[in-house]
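Each remark here refers to the structure printed beneath this line.
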Amino acid sequence: MTVRPSLLIVDDRADVLRTIARYMSLHFEVHAVRTVEEAEACLTVAAPSRVLCDYWLGRKVPNGGELLFDWRQRFACIEKTALMTGTKTAALEALPGVDRVFAKPLNFDRVASWLLEREIEAPPSDPVMRVSRP
């Protein structure tokens, strides 16, 4: 039996979270949460190796880039991180703690391939931004 990698998905919108989680569950052990508190509890207990986080999680909440930077410092389980966003992809490409930025609507196959480390070359029309981690 092959052990599937674990993936934490963080998005404040239940419909978006449910859609992403449904697809990603084909490839990962998925932990889908809507709040920072739920995410941190999951990171503490389940220790997922990958995190896919929305950039905008609502008012009075740190943005996804800030969260990923903080979580990478505090949770050694995290191997790969990705942000998803509907805007600002170019501005987010150099955020510390973020390995990759994916534009919404997500190309689920491309996101899963990257998270699984089976990356394929993106066609020129694909809105995927490559990010290098410091």
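By order in the structure tokens, chains are A, B, ...; within a chain, residues start at 1; ligands start at 1, following the order shown.
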
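The shell of residues at most 7 Å from Val98 (chain A), with only C-alpha atoms counted and near chain neighbours (fewer than 4 positions) removed, consists of Gly65, Leu68, Phe69, Thr81, Ala82, Leu83 and Arg133 of chain A.
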
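Counting only C-alpha atoms, region 40-55 of chain A has the following residues at most 7 Å away, ignoring those fewer than 5 positions along the same chain: A:Pro5, A:Ser6, A:Leu7, A:Leu8, A:Ile9, A:Val10, A:Asp11, A:Asn63, A:Gly64, A:Gly65, A:Phe75, A:Cys77, A:Ile78, A:Glu79, A:Lys80, A:Thr81, A:Ala82, A:Leu83, A:Met84, A:Thr85.
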
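For the atom pair formed by CA of Trp71 (chain A) and CA of Pro96 (chain A), the distance is 11.3 Å, given to one decimal.
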
Give me, as number ranges by chain, the residues of chain A that a backbone DSSP run labels strand (DSSP E). A: 6-10, 29-33, 50-54, 80-85, 100-103, 128-130

Take CA of Gln73 (chain A) and CA of His27 (chain A) and report the distance between them in Å, one decimal. 26.3 Å

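Among the candidates A:Asp99, A:Glu117, A:Asp109, A:Asp70, the residue lying nearest to Tyr23 (chain A) is A:Asp109 (atoms considered: only C-alpha atoms).
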